[in-house]
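Notes follow the structure.
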Amino acid sequence: MDSNRKFSIKIHGNDYAVEIKKVDDGVASVDVNGTVYEVQYEAERRSSKTPTLVRKPVYHTETERPKKTAKPTENKGKVVQAPLPGVILEIKVKEGDTIKAGDVLMIMEAMKMENNIVAPCDGTIASMKVAKGDNVLEGDALVEIGG
């Protein structure tokens with residue numbers, strides 16, 4: 001794409017006469033006060049505000065459909081997460097303790113209220129992720145319960 005565009009620009013109080021001589025696939029030829037420079041640039045990619053419709057492939061027979069196989073799941077246990085940001089006031093269990101669903105694991109202060117953090121399932125405490133006095137954010141891991 002050839003173009004002859006002339007500009008008069010000022011940088012830090014200095015005047016420059018700039019002429020864009022040639023623009024071609026990411027490289028522009030620019031004349032600045034009589035000196036020609038080859039300048040690389042990246043074109044701004046404009047994204048469409050109109051969503052693109054993506055359709056799933058249509059399979060006419062079951063043999064055309066790709067087979068899905070699942071990787072065996074590892075027994076990583078259940079991670080109890082903080083429901084709100086807060087501070088751990090008291091821990092009622094330790095690693096290795098056997099617990100039942102509904103047992104209080106710890107007490108957490110959030111929004112000036114004490115909240116009981118309870119076990120969602122039966123199991124054994126595999127690891128404690130926090131200690132008394134820790135500040136936690138919403139979604140932070142508190143306790144891991146093994147099977």
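Ordered as shown in the structure tokens, chains take letters A, B, and onward, while each chain numbers its residues from 1 and ligands are numbered from 1 in the order shown.
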
Within 8 Å of Lys129 of chain A, counting only C-alpha atoms, which residues show up once you throw out same-chain ones fewer than 2 positions away? Write them as a ChimeraX atom specification, please.
/A:127,131,141-144

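Relative to atom CA of Arg46 of chain A, atom CA of Ile9 of chain A is found at 26.6 Å.
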
Contact residues around segment 78-92 of chain A with only C-alpha atoms at 9 Å, ignoring same-chain residues under 3 positions, as a JSON list (two decimals) with C-alpha atoms, in the first residue's frame:
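As written to disk, out-v1.json reads:
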[["chain", "number", "residue", "atom", "x", "y", "z"],
["A", 75, "ASN", "CA", -8.77, -39.79, 45.09],
["A", 104, "VAL", "CA", -17.35, -28.11, 62.97],
["A", 105, "LEU", "CA", -13.83, -27.90, 61.55],
["A", 106, "MET", "CA", -13.00, -24.32, 62.50],
["A", 107, "ILE", "CA", -14.48, -20.97, 63.41],
["A", 108, "MET", "CA", -13.88, -18.06, 61.08],
["A", 109, "GLU", "CA", -14.67, -14.39, 61.65],
["A", 110, "ALA", "CA", -16.13, -12.72, 58.57],
["A", 111, "MET", "CA", -17.95, -9.38, 58.45],
["A", 112, "LYS", "CA", -17.78, -9.12, 62.28],
["A", 114, "GLU", "CA", -18.29, -15.82, 63.79],
["A", 117, "ILE", "CA", -16.93, -24.03, 58.92],
["A", 118, "VAL", "CA", -18.39, -27.54, 58.81],
["A", 119, "ALA", "CA", -17.32, -30.76, 57.13],
["A", 120, "PRO", "CA", -19.23, -31.42, 53.88],
["A", 121, "CYS", "CA", -18.59, -35.18, 54.08],
["A", 130, "VAL", "CA", -4.50, -22.60, 57.37],
["A", 131, "ALA", "CA", -3.53, -21.82, 60.95],
["A", 132, "LYS", "CA", -5.17, -19.82, 63.75],
["A", 133, "GLY", "CA", -4.98, -16.08, 62.99],
["A", 134, "ASP", "CA", -4.57, -16.48, 59.22],
["A", 135, "ASN", "CA", -6.38, -14.06, 56.93],
["A", 136, "VAL", "CA", -8.15, -15.86, 54.10],
["A", 137, "LEU", "CA", -9.92, -14.74, 50.94],
["A", 138, "GLU", "CA", -13.12, -16.17, 49.54],
["A", 139, "GLY", "CA", -12.36, -19.50, 47.87],
["A", 140, "ASP", "CA", -9.05, -20.10, 49.67],
["A", 141, "ALA", "CA", -8.46, -23.74, 50.66],
["A", 142, "LEU", "CA", -8.90, -24.28, 54.40],
["A", 143, "VAL", "CA", -8.85, -28.07, 54.91],
["A", 144, "GLU", "CA", -8.40, -31.13, 52.71],
["A", 145, "ILE", "CA", -10.52, -34.15, 53.66],
["A", 146, "GLY", "CA", -9.39, -37.57, 52.47],
["A", 147, "GLY", "CA", -11.61, -40.58, 51.81]]

Taking the chain letters and numbering used in this document, name the residues of chain A that DSSP puts in strand (DSSP E), as a PyMOL selection string.
chain A and resi 2-11+14-24+27-32+35-40+78-81+86-91+98-99+104-110+113-118+123-128+135-136+141-146

I want to know what sits within 12 Å of segment 21-31 of chain A, based on only C-alpha atoms, with residues of the same chain fewer than 3 positions away left out; could you give that as a PyMOL selection string?
chain A and resi 1-8+16-18+34-44

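Taking atom CA of Ala126 of chain A and atom CA of Met113 of chain A as the two end points, the separation is 27.7 Å.
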
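Here atom CA of Gly123 of chain A stands at a distance of 12.2 Å from atom CA of Val93 of chain A.
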